[in-house]
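J.: This is the structure I want to talk about, given as structure tokens.
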Amino acid sequence: MIKVGLIGAGKMGISHLTILGAHPDVEVVGVCETSKLVLSALEKYSSFSCYTDYQLMLEEEKPDAVFVATPTKFHFDLVKELLARNIHVFVEKPFCLSSEQGLELASLASKKNVVNQVGYHNKFIGTFKEVKKLVENGAIGEINHFLGEAYGPVVTKKKEGTWRSNPTEGGGCLMDYASHVIDLINDILSPVTACKGSILKSVYSKKVEDAVYAILELSNKTTGVLSVNWSDETYRKMSTSITINGNKGKIISDANELKVYFKENQCPTGYSKGWNVKYVTDLTEPVNFYLRGEEYSAQVDYFIKAVKGTVPNNVNNFQSAWLTDRAISIIRNQN
Amino acid sequence: MDRILYGDNQFFAVNHISDAKSMAQSIKFKTDEAIINTIDAARASGLNTFMCTTHDRIANICDIIRANPGKYENFKIYPCMPYAHKYANAVTELGIQGTIKQYVPGNFFGTLFKGGMAFVSKDFLKIMELLIDAEMKMFKGINTPVIFLQNVITDLLLGLGMVEVLKGFYDYIKNKYDAEPGFITMNMPRLLTMLETAGITNPIICFSMNKLNFRMSGGKGLYEETLKIRKFRAIAMQVLGGGAIPPKEALEYVCKFPNIEAILFGASSKANIENTVATIHHFDSQKVSF
């Protein structure tokens, strides 16, 4: 059994806790949270040991691994301390408030040789995994353009918000929402290295942007467009998609449906010339416990496997999350 | 319980395999009239139970049903609560405490905070009861013989091990609404075990059941075995695997399990509703002849 602790039982923390609670190889040894409301509910109805002081939890429970799901501004200090104690770390996205902090943690984690992972769950979605495979195998040839998009109904009217609407705490559409799309582009194509122009637009929020539009260049000189808006109420929930144009074909994928067009007969097994449509139902591996999308369970399971040493720590590690933090700061600084 | 239950995903742009279809549905069912006409088409096919989330727009459908008591005399609704995205989007924006503040009716929450945290911690079930009442308001005067807890909440409580809260839902639905409580889940065998530990026997459980092994945590084999040997009232949903399995093949698979009491499906056209109903009846009649 892997002994796991959780710091931060908000929306994502409770989601992780639920999945961890049902995981056959995990013993949840402690939960640390500052909201008395949440903590007293956990104390009363669950069997988890609850703490308000994370250091006390670390001392008393001695976890092998800790999930950090606090607001972003606390990530750096918490993760640094966990690494110093040689504890494996899963931390929510976005990774850090600045690219410098992310780089420091990434190098510290590799020095300490502990498992490190960040919660960019899209990489565990069947359709996007297939897109990555197609691109890496050169199935659509040389890439000449990409379009990464995400839309959803997070902020749809003027209102006072939480830390998510505070730019100094990791709030705003760029860090909170666009980071998912940037991370996918980094992973499937190549890391973002330059921004040729960007618009960070407030629609309803006073302090932060609600939409991000940018022209990006990747390390392999591929260029494309990022278009993200979290104030679009025509979407029921977050909808992320990526379109990639190559000289042998084109890919359009969201989390549910993958459409691939091939110009010629020469294409991978399972595909043919013209349009091909595959659904996430065909591309998703079953999970042991389902809460809200296979990808949330799959990323937790992957982390636990990495701690057990049965899979390499090469998906969503600190290094890749730092590249996403770096892209965020490139886009912000260009603006 | 009717053999076939008509679901509502198509009305609210819930589509598990295509965002484009989801938008097309959103356009098609822009008006309440479009929804009620499709419900009427389902009724014409012999479907008398509508299983729906507590989405804001269902309140309008309930108004229409109440205004035409003769027409909808035998019509039943199985409410499924809560409409999770309403709360999920609110939690992202307002935090957990802010969301409870927004949705718990009256100034109960304010009173709790004045009373201090010790008071609050004793009253979580009371908060849940108030939320249930708020969700049930729209169904006043409508026959709701089964009331469901949505899968994201059921499975959340399951993973957190909060068996008392599941039992709290069960008891409150029975006592206050004189209805059968039901649970929607993506983890059927595990949930059944937990409900049994709470002393709940023969519960109504609605779960994914399809040829593809889609959203059947623990695997198809375990689901089939559980249906065979354990006692509960089974409702199969996602039988078409989100539309990825050809309907005939999909329905033949679920119809062969004698312990599946009801099949839940949603369809947005009259032709699809009629076809699905006819196909289920066809396989059911074959089963009897064995």
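As shown in the structure tokens, the chain order sets the letters A, B, ...; within each chain, residues go from 1, and ligands are also counted from 1 in the order they appear.
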Skip segment 66-69 of chain B itself and residues of its chain fewer than 6 positions away, then list as a ChimeraX atom specification all residues within 10 Å of it, counting only C-alpha atoms.

T.: /B:60,75,139-142

J.: Enumerate as a ChimeraX atom specification the residues belonging to chain A that approach chain B to within 9 Å, with only C-alpha atoms taken into account.

T.: /A:10-11,14-15,17-23,35-38,40-48,153-155,160-165,234-237,239,254-257,279-282,284-294

J.: For segment 172-286 of chain A versus segment 125-149 of chain A, which residues have an atom no more than 8 Å away, and what is each residue's nearest atom pair and distance in Å rounded to one decimal, using only C-alpha atoms, chain-then-number order, as JSON lines?

T.:
```
{"residue": "A:Val181", "atom": "CA", "partner": "A:Gly148", "partner_atom": "CA", "distance": 6.0}
{"residue": "A:Ile182", "atom": "CA", "partner": "A:Gly148", "partner_atom": "CA", "distance": 7.6}
{"residue": "A:Ile185", "atom": "CA", "partner": "A:Gly148", "partner_atom": "CA", "distance": 7.1}
{"residue": "A:Asp187", "atom": "CA", "partner": "A:Lys132", "partner_atom": "CA", "distance": 7.6}
{"residue": "A:Ile188", "atom": "CA", "partner": "A:Lys132", "partner_atom": "CA", "distance": 4.8}
{"residue": "A:Leu189", "atom": "CA", "partner": "A:Val135", "partner_atom": "CA", "distance": 7.3}
{"residue": "A:Thr222", "atom": "CA", "partner": "A:Asn144", "partner_atom": "CA", "distance": 6.3}
{"residue": "A:Thr223", "atom": "CA", "partner": "A:His145", "partner_atom": "CA", "distance": 5.7}
{"residue": "A:Gly224", "atom": "CA", "partner": "A:Phe146", "partner_atom": "CA", "distance": 4.5}
{"residue": "A:Val225", "atom": "CA", "partner": "A:Leu147", "partner_atom": "CA", "distance": 4.8}
{"residue": "A:Leu226", "atom": "CA", "partner": "A:Gly148", "partner_atom": "CA", "distance": 4.9}
{"residue": "A:Ser227", "atom": "CA", "partner": "A:Glu149", "partner_atom": "CA", "distance": 4.9}
{"residue": "A:Val228", "atom": "CA", "partner": "A:Glu149", "partner_atom": "CA", "distance": 5.4}
{"residue": "A:Thr240", "atom": "CA", "partner": "A:Glu149", "partner_atom": "CA", "distance": 5.7}
{"residue": "A:Ser241", "atom": "CA", "partner": "A:Glu149", "partner_atom": "CA", "distance": 5.2}
{"residue": "A:Ile242", "atom": "CA", "partner": "A:Gly148", "partner_atom": "CA", "distance": 4.5}
{"residue": "A:Thr243", "atom": "CA", "partner": "A:Leu147", "partner_atom": "CA", "distance": 5.0}
{"residue": "A:Ile244", "atom": "CA", "partner": "A:Phe146", "partner_atom": "CA", "distance": 4.4}
{"residue": "A:Asn245", "atom": "CA", "partner": "A:His145", "partner_atom": "CA", "distance": 5.2}
{"residue": "A:Gly246", "atom": "CA", "partner": "A:Ile143", "partner_atom": "CA", "distance": 4.1}
{"residue": "A:Asn247", "atom": "CA", "partner": "A:Gly141", "partner_atom": "CA", "distance": 5.3}
{"residue": "A:Lys248", "atom": "CA", "partner": "A:Ile140", "partner_atom": "CA", "distance": 4.5}
{"residue": "A:Gly249", "atom": "CA", "partner": "A:Ile140", "partner_atom": "CA", "distance": 4.5}
{"residue": "A:Lys250", "atom": "CA", "partner": "A:Ile140", "partner_atom": "CA", "distance": 6.2}
{"residue": "A:Ile251", "atom": "CA", "partner": "A:Val131", "partner_atom": "CA", "distance": 7.4}
{"residue": "A:Ser253", "atom": "CA", "partner": "A:Thr127", "partner_atom": "CA", "distance": 6.7}
{"residue": "A:Asp254", "atom": "CA", "partner": "A:Thr127", "partner_atom": "CA", "distance": 7.0}
{"residue": "A:Ala255", "atom": "CA", "partner": "A:Thr127", "partner_atom": "CA", "distance": 6.0}
{"residue": "A:Asn256", "atom": "CA", "partner": "A:Thr127", "partner_atom": "CA", "distance": 6.7}
{"residue": "A:Glu257", "atom": "CA", "partner": "A:Thr127", "partner_atom": "CA", "distance": 6.6}
{"residue": "A:Leu258", "atom": "CA", "partner": "A:Thr127", "partner_atom": "CA", "distance": 5.8}
{"residue": "A:Phe262", "atom": "CA", "partner": "A:Ile140", "partner_atom": "CA", "distance": 7.0}
{"residue": "A:Cys267", "atom": "CA", "partner": "A:Ala139", "partner_atom": "CA", "distance": 6.4}
{"residue": "A:Pro268", "atom": "CA", "partner": "A:Ala139", "partner_atom": "CA", "distance": 6.7}
{"residue": "A:Lys278", "atom": "CA", "partner": "A:Thr127", "partner_atom": "CA", "distance": 7.9}
{"residue": "A:Tyr279", "atom": "CA", "partner": "A:Thr127", "partner_atom": "CA", "distance": 7.3}
{"residue": "A:Val280", "atom": "CA", "partner": "A:Thr127", "partner_atom": "CA", "distance": 5.7}
{"residue": "A:Leu283", "atom": "CA", "partner": "A:Gly126", "partner_atom": "CA", "distance": 4.7}
{"residue": "A:Thr284", "atom": "CA", "partner": "A:Gly126", "partner_atom": "CA", "distance": 4.8}
{"residue": "A:Glu285", "atom": "CA", "partner": "A:Gly126", "partner_atom": "CA", "distance": 7.5}
```

J.: Show which residues sit within 9 Å of Met175 of chain A, as number ranges by chain. Count only C-alpha atoms, and ignore same-chain residues fewer than 5 positions away.

T.: A: 93-94, 97, 167, 170, 180, 325, 328

J.: Write a file of the just-selected residues containing all heavy atoms, as an mmCIF file, in the first residue's frame.

T.:
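The file below, selection.cif, is the result:
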```cif
data_model
loop_
_atom_site.group_PDB
_atom_site.id
_atom_site.type_symbol
_atom_site.label_atom_id
_atom_site.label_comp_id
_atom_site.auth_asym_id
_atom_site.auth_seq_id
_atom_site.Cartn_x
_atom_site.Cartn_y
_atom_site.Cartn_z
ATOM 1 N N LYS A 93 -2.586 21.619 -11.478
ATOM 2 C CA LYS A 93 -2.177 22.621 -12.439
ATOM 3 C C LYS A 93 -2.888 23.929 -12.132
ATOM 4 O O LYS A 93 -3.934 23.875 -11.478
ATOM 5 C CB LYS A 93 -2.435 22.170 -13.880
ATOM 6 C CG LYS A 93 -3.831 21.627 -14.194
ATOM 7 C CD LYS A 93 -5.023 22.532 -14.100
ATOM 8 C CE LYS A 93 -4.998 23.793 -14.915
ATOM 9 N NZ LYS A 93 -6.275 24.573 -14.698
ATOM 10 N N PRO A 94 -2.432 25.100 -12.575
ATOM 11 C CA PRO A 94 -1.106 25.299 -13.154
ATOM 12 C C PRO A 94 -0.037 25.084 -12.089
ATOM 13 O O PRO A 94 -0.296 25.215 -10.891
ATOM 14 C CB PRO A 94 -1.145 26.750 -13.640
ATOM 15 C CG PRO A 94 -2.205 27.397 -12.829
ATOM 16 C CD PRO A 94 -3.200 26.332 -12.514
ATOM 17 N N LEU A 97 3.449 29.957 -10.025
ATOM 18 C CA LEU A 97 3.067 31.300 -10.467
ATOM 19 C C LEU A 97 4.075 31.869 -11.458
ATOM 20 O O LEU A 97 3.734 32.711 -12.271
ATOM 21 C CB LEU A 97 2.950 32.240 -9.257
ATOM 22 C CG LEU A 97 1.743 32.017 -8.353
ATOM 23 C CD1 LEU A 97 1.755 33.029 -7.215
ATOM 24 C CD2 LEU A 97 0.428 32.116 -9.118
ATOM 25 N N PRO A 167 -5.261 37.722 -10.150
ATOM 26 C CA PRO A 167 -4.117 37.428 -11.023
ATOM 27 C C PRO A 167 -2.844 37.056 -10.256
ATOM 28 O O PRO A 167 -2.032 36.295 -10.753
ATOM 29 C CB PRO A 167 -3.913 38.729 -11.810
ATOM 30 C CG PRO A 167 -4.623 39.785 -11.041
ATOM 31 C CD PRO A 167 -5.724 39.108 -10.297
ATOM 32 N N GLY A 170 -2.775 33.071 -9.239
ATOM 33 C CA GLY A 170 -2.899 32.000 -10.221
ATOM 34 C C GLY A 170 -4.263 31.962 -10.872
ATOM 35 O O GLY A 170 -4.640 30.972 -11.490
ATOM 36 N N HIS A 180 -4.412 24.323 -19.981
ATOM 37 C CA HIS A 180 -4.716 22.970 -20.461
ATOM 38 C C HIS A 180 -4.397 22.821 -21.951
ATOM 39 O O HIS A 180 -3.855 21.820 -22.395
ATOM 40 C CB HIS A 180 -6.202 22.655 -20.256
ATOM 41 C CG HIS A 180 -6.547 22.267 -18.854
ATOM 42 N ND1 HIS A 180 -6.104 21.098 -18.286
ATOM 43 C CD2 HIS A 180 -7.295 22.890 -17.910
ATOM 44 C CE1 HIS A 180 -6.577 21.008 -17.049
ATOM 45 N NE2 HIS A 180 -7.290 22.085 -16.797
ATOM 46 N N ASP A 325 4.220 26.451 -17.874
ATOM 47 C CA ASP A 325 4.354 27.711 -17.115
ATOM 48 C C ASP A 325 5.147 28.740 -17.928
ATOM 49 O O ASP A 325 4.809 29.922 -17.961
ATOM 50 C CB ASP A 325 5.112 27.471 -15.799
ATOM 51 C CG ASP A 325 4.226 26.856 -14.718
ATOM 52 O OD1 ASP A 325 3.016 26.682 -14.968
ATOM 53 O OD2 ASP A 325 4.748 26.557 -13.626
ATOM 54 N N ILE A 328 3.041 30.204 -20.593
ATOM 55 C CA ILE A 328 2.090 31.162 -20.006
ATOM 56 C C ILE A 328 2.779 32.519 -19.826
ATOM 57 O O ILE A 328 2.226 33.559 -20.188
ATOM 58 C CB ILE A 328 1.550 30.631 -18.657
ATOM 59 C CG1 ILE A 328 0.601 29.454 -18.898
ATOM 60 C CG2 ILE A 328 0.851 31.735 -17.863
ATOM 61 C CD1 ILE A 328 0.211 28.691 -17.642
#
```

J.: I want to know what sits within 6 Å of segment 192-203 of chain A, based on only C-alpha atoms, with residues of the same chain fewer than 2 positions away left out; could you give that as an MDAnalysis selection string?

T.: chainID A and resid 205 209:219 327 331 335

J.: For Leu105 of chain A, find every residue with an atom within 10 Å (counting only C-alpha atoms), except residues of its own chain fewer than 3 positions away, and show them as a list of chain:residue names.

T.: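 Selected residues are A:His75, A:Phe76, A:Asp77, A:Val79, A:Lys80, A:Leu83, A:Phe95, A:Cys96, A:Glu100, A:Gln101, A:Gly102, A:Leu108, A:Ala109, A:Ser110, A:Lys111, A:Asn116, A:Phe318, A:Gln319, A:Trp322.
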
J.: Pull N, CA, C and O atoms from the residues just selected and write them as a tab-separated table (two decimals), in the first residue's frame.

T.:
```tsv
chain	number	residue	atom	x	y	z
A	75	HIS	N	1.67	26.48	-4.14
A	75	HIS	CA	2.34	25.30	-4.70
A	75	HIS	C	3.85	25.29	-4.43
A	75	HIS	O	4.41	24.29	-3.99
A	76	PHE	N	4.50	26.42	-4.75
A	76	PHE	CA	5.96	26.45	-4.72
A	76	PHE	C	6.51	26.07	-3.34
A	76	PHE	O	7.32	25.13	-3.22
A	77	ASP	N	6.06	26.75	-2.31
A	77	ASP	CA	6.60	26.49	-0.97
A	77	ASP	C	6.27	25.08	-0.48
A	77	ASP	O	7.12	24.40	0.09
A	79	VAL	N	5.49	22.35	-2.29
A	79	VAL	CA	6.17	21.30	-3.06
A	79	VAL	C	7.65	21.26	-2.70
A	79	VAL	O	8.24	20.18	-2.55
A	80	LYS	N	8.24	22.44	-2.51
A	80	LYS	CA	9.66	22.49	-2.15
A	80	LYS	C	9.91	21.75	-0.84
A	80	LYS	O	10.87	20.97	-0.72
A	83	LEU	N	9.53	17.95	-1.39
A	83	LEU	CA	10.71	17.40	-2.08
A	83	LEU	C	11.88	17.27	-1.09
A	83	LEU	O	12.59	16.26	-1.10
A	95	PHE	N	1.19	24.77	-12.54
A	95	PHE	CA	2.24	24.31	-11.64
A	95	PHE	C	2.65	25.41	-10.66
A	95	PHE	O	2.44	25.30	-9.45
A	96	CYS	N	3.23	26.50	-11.17
A	96	CYS	CA	3.70	27.58	-10.30
A	96	CYS	C	3.28	28.93	-10.85
A	96	CYS	O	2.85	29.04	-11.99
A	100	GLU	N	10.31	30.74	-13.21
A	100	GLU	CA	11.52	30.51	-12.40
A	100	GLU	C	11.25	29.49	-11.28
A	100	GLU	O	12.06	28.60	-11.02
A	101	GLN	N	10.10	29.67	-10.62
A	101	GLN	CA	9.74	28.74	-9.54
A	101	GLN	C	9.60	27.32	-10.07
A	101	GLN	O	10.09	26.36	-9.47
A	102	GLY	N	8.94	27.20	-11.22
A	102	GLY	CA	8.72	25.87	-11.83
A	102	GLY	C	10.04	25.19	-12.16
A	102	GLY	O	10.21	23.99	-11.91
A	108	LEU	N	14.97	20.36	-8.71
A	108	LEU	CA	15.04	19.77	-7.38
A	108	LEU	C	14.45	18.36	-7.36
A	108	LEU	O	15.01	17.43	-6.77
A	109	ALA	N	13.32	18.20	-8.05
A	109	ALA	CA	12.66	16.89	-8.09
A	109	ALA	C	13.54	15.85	-8.76
A	109	ALA	O	13.63	14.71	-8.31
A	110	SER	N	14.24	16.25	-9.84
A	110	SER	CA	15.07	15.25	-10.51
A	110	SER	C	16.31	14.94	-9.68
A	110	SER	O	16.78	13.81	-9.66
A	111	LYS	N	16.80	15.93	-8.95
A	111	LYS	CA	17.93	15.70	-8.05
A	111	LYS	C	17.55	14.72	-6.94
A	111	LYS	O	18.29	13.82	-6.58
A	116	ASN	N	7.23	12.85	-9.63
A	116	ASN	CA	6.59	14.17	-9.66
A	116	ASN	C	5.64	14.25	-10.84
A	116	ASN	O	5.97	13.91	-11.96
A	318	PHE	N	7.20	17.42	-13.66
A	318	PHE	CA	7.42	18.85	-13.39
A	318	PHE	C	8.07	19.54	-14.59
A	318	PHE	O	7.79	20.71	-14.87
A	319	GLN	N	8.99	18.82	-15.26
A	319	GLN	CA	9.67	19.41	-16.41
A	319	GLN	C	8.65	19.85	-17.47
A	319	GLN	O	8.71	20.97	-17.99
A	322	TRP	N	6.60	22.75	-16.26
A	322	TRP	CA	7.37	23.99	-16.30
A	322	TRP	C	7.35	24.59	-17.71
A	322	TRP	O	7.22	25.81	-17.88
```

J.: Excluding Glu60 of chain A and residues on its chain fewer than 3 positions from it, collect all residues at most 12 Å away from it, counting only C-alpha atoms, and give them as a PyMOL selection string.

T.: chain A and resi 5+29-31+49-51+53-57+63

J.: Could you tell me how far atom CA of Thr54 of chain B lies from atom CA of Thr197 of chain B, in Å and to one decimal?

T.: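 Separating atom CA of Thr54 of chain B from atom CA of Thr197 of chain B is a distance of 28.6 Å.
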
J.: If you run DSSP on the backbone, which residues of segment 104-274 of chain B are strand (DSSP E or B), as a ChimeraX atom specification?

T.: /B:146-149,180-185,204-208,233-237,260-265

J.: Pull the helix (DSSP H, G or I) assignments for segment 18-131 of chain B out of DSSP run on the backbone, and list those residues as a PyMOL selection string.

T.: chain B and resi 19-28+32-44+56-67+84-103+108-115+117-122+124-131

J.: For C-alpha atoms, I'd like the residues from the last selection saved as a PDB file, in the first residue's frame.

T.:
```
ATOM      1  CA  ASP B  19     -19.546  18.036 -29.155  1.00  0.00           C
ATOM      2  CA  ALA B  20     -21.044  18.797 -32.575  1.00  0.00           C
ATOM      3  CA  LYS B  21     -24.096  16.604 -31.894  1.00  0.00           C
ATOM      4  CA  SER B  22     -24.333  18.238 -28.522  1.00  0.00           C
ATOM      5  CA  MET B  23     -24.612  21.677 -30.134  1.00  0.00           C
ATOM      6  CA  ALA B  24     -27.123  20.409 -32.704  1.00  0.00           C
ATOM      7  CA  GLN B  25     -29.295  19.154 -29.838  1.00  0.00           C
ATOM      8  CA  SER B  26     -28.985  22.481 -28.083  1.00  0.00           C
ATOM      9  CA  ILE B  27     -30.335  24.150 -31.233  1.00  0.00           C
ATOM     10  CA  LYS B  28     -33.066  21.573 -31.781  1.00  0.00           C
ATOM     11  CA  ASP B  32     -39.751  24.039 -24.240  1.00  0.00           C
ATOM     12  CA  GLU B  33     -42.309  23.198 -26.906  1.00  0.00           C
ATOM     13  CA  ALA B  34     -39.698  21.138 -28.790  1.00  0.00           C
ATOM     14  CA  ILE B  35     -38.991  19.199 -25.590  1.00  0.00           C
ATOM     15  CA  ILE B  36     -42.624  18.552 -24.697  1.00  0.00           C
ATOM     16  CA  ASN B  37     -43.427  17.512 -28.290  1.00  0.00           C
ATOM     17  CA  THR B  38     -40.670  14.911 -28.121  1.00  0.00           C
ATOM     18  CA  ILE B  39     -41.892  13.726 -24.726  1.00  0.00           C
ATOM     19  CA  ASP B  40     -45.351  13.398 -26.285  1.00  0.00           C
ATOM     20  CA  ALA B  41     -43.835  11.326 -29.099  1.00  0.00           C
ATOM     21  CA  ALA B  42     -42.291   9.066 -26.466  1.00  0.00           C
ATOM     22  CA  ARG B  43     -45.676   8.757 -24.745  1.00  0.00           C
ATOM     23  CA  ALA B  44     -47.261   7.844 -28.066  1.00  0.00           C
ATOM     24  CA  ASP B  56     -33.761  24.586 -14.587  1.00  0.00           C
ATOM     25  CA  ARG B  57     -35.675  23.977 -17.808  1.00  0.00           C
ATOM     26  CA  ILE B  58     -37.395  20.884 -16.390  1.00  0.00           C
ATOM     27  CA  ALA B  59     -39.326  23.327 -14.182  1.00  0.00           C
ATOM     28  CA  ASN B  60     -41.006  24.662 -17.348  1.00  0.00           C
ATOM     29  CA  ILE B  61     -41.821  21.138 -18.508  1.00  0.00           C
ATOM     30  CA  CYS B  62     -43.375  20.463 -15.101  1.00  0.00           C
ATOM     31  CA  ASP B  63     -45.534  23.591 -15.498  1.00  0.00           C
ATOM     32  CA  ILE B  64     -46.860  22.227 -18.810  1.00  0.00           C
ATOM     33  CA  ILE B  65     -47.565  18.834 -17.243  1.00  0.00           C
ATOM     34  CA  ARG B  66     -49.398  20.400 -14.296  1.00  0.00           C
ATOM     35  CA  ALA B  67     -51.439  22.581 -16.641  1.00  0.00           C
ATOM     36  CA  ALA B  84     -24.211  18.565 -11.369  1.00  0.00           C
ATOM     37  CA  HIS B  85     -22.794  21.148 -13.779  1.00  0.00           C
ATOM     38  CA  LYS B  86     -24.776  23.873 -12.085  1.00  0.00           C
ATOM     39  CA  TYR B  87     -22.881  23.163  -8.870  1.00  0.00           C
ATOM     40  CA  ALA B  88     -19.557  22.286 -10.504  1.00  0.00           C
ATOM     41  CA  ASN B  89     -19.408  25.598 -12.360  1.00  0.00           C
ATOM     42  CA  ALA B  90     -20.432  27.401  -9.170  1.00  0.00           C
ATOM     43  CA  VAL B  91     -17.707  25.683  -7.134  1.00  0.00           C
ATOM     44  CA  THR B  92     -15.069  26.774  -9.677  1.00  0.00           C
ATOM     45  CA  GLU B  93     -16.316  30.323  -9.391  1.00  0.00           C
ATOM     46  CA  LEU B  94     -17.417  30.643  -5.753  1.00  0.00           C
ATOM     47  CA  GLY B  95     -15.665  27.857  -3.859  1.00  0.00           C
ATOM     48  CA  ILE B  96     -17.424  25.158  -1.857  1.00  0.00           C
ATOM     49  CA  GLN B  97     -18.696  27.424   0.905  1.00  0.00           C
ATOM     50  CA  GLY B  98     -19.862  30.077  -1.579  1.00  0.00           C
ATOM     51  CA  THR B  99     -21.786  27.474  -3.546  1.00  0.00           C
ATOM     52  CA  ILE B 100     -23.613  26.149  -0.489  1.00  0.00           C
ATOM     53  CA  LYS B 101     -24.429  29.744   0.452  1.00  0.00           C
ATOM     54  CA  GLN B 102     -25.858  30.348  -3.002  1.00  0.00           C
ATOM     55  CA  TYR B 103     -27.993  27.223  -3.222  1.00  0.00           C
ATOM     56  CA  PHE B 108     -30.353  28.851   7.090  1.00  0.00           C
ATOM     57  CA  PHE B 109     -26.677  28.982   6.254  1.00  0.00           C
ATOM     58  CA  GLY B 110     -26.245  32.393   7.822  1.00  0.00           C
ATOM     59  CA  THR B 111     -27.920  31.095  10.959  1.00  0.00           C
ATOM     60  CA  LEU B 112     -25.537  28.154  11.021  1.00  0.00           C
ATOM     61  CA  PHE B 113     -22.496  30.389  10.914  1.00  0.00           C
ATOM     62  CA  LYS B 114     -23.836  32.530  13.699  1.00  0.00           C
ATOM     63  CA  GLY B 115     -24.401  29.339  15.656  1.00  0.00           C
ATOM     64  CA  MET B 117     -19.090  25.403  13.554  1.00  0.00           C
ATOM     65  CA  ALA B 118     -20.081  22.824  16.152  1.00  0.00           C
ATOM     66  CA  PHE B 119     -23.651  23.430  15.155  1.00  0.00           C
ATOM     67  CA  VAL B 120     -22.830  23.218  11.451  1.00  0.00           C
ATOM     68  CA  SER B 121     -21.055  19.902  11.731  1.00  0.00           C
ATOM     69  CA  LYS B 122     -24.112  18.294  13.264  1.00  0.00           C
ATOM     70  CA  PHE B 124     -24.779  18.384   7.235  1.00  0.00           C
ATOM     71  CA  LEU B 125     -27.632  16.011   6.656  1.00  0.00           C
ATOM     72  CA  LYS B 126     -29.997  18.922   7.329  1.00  0.00           C
ATOM     73  CA  ILE B 127     -28.195  20.938   4.628  1.00  0.00           C
ATOM     74  CA  MET B 128     -28.604  17.993   2.257  1.00  0.00           C
ATOM     75  CA  GLU B 129     -32.293  17.780   3.086  1.00  0.00           C
ATOM     76  CA  LEU B 130     -32.752  21.476   2.319  1.00  0.00           C
ATOM     77  CA  LEU B 131     -30.947  21.032  -0.999  1.00  0.00           C
TER      78      LEU B 131
END
```

J.: Between A:Val300, A:Val89, A:Val4, A:Val66, which is the closest to His16 of chain A once you count only C-alpha atoms?

T.: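 Using only C-alpha atoms, the shortest distance to His16 of chain A belongs to A:Val300.
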
J.: Determine, counting only C-alpha atoms, which protein, DNA and RNA residues have an atom within 10 Å of an atom of Pro181 of chain B; residues of the same chain fewer than 6 positions away are not included. Present the result as a ChimeraX atom specification.

T.: /B:78,145-149,167,169-174,203-205

J.: Quick one: pull the distance between atom CA of Asn202 of chain B and atom CA of Lys231 of chain B, Å, one decimal.

T.: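 Between atom CA of Asn202 of chain B and atom CA of Lys231 of chain B the gap works out to 5.6 Å.
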
J.: Please indicate the distance in Å from atom CA of Thr31 of chain B to atom CA of Tyr6 of chain B, rounded to one decimal place.

T.: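 Between atom CA of Thr31 of chain B and atom CA of Tyr6 of chain B the gap is 18.9 Å.
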
J.: Using only C-alpha atoms, which of B:Lys211, B:Arg233, B:Lys248, B:Lys228 sits nearest Glu261 of chain B?

T.: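 Among B:Lys211, B:Arg233, B:Lys248, B:Lys228, it is B:Arg233 that comes nearest to Glu261 of chain B.
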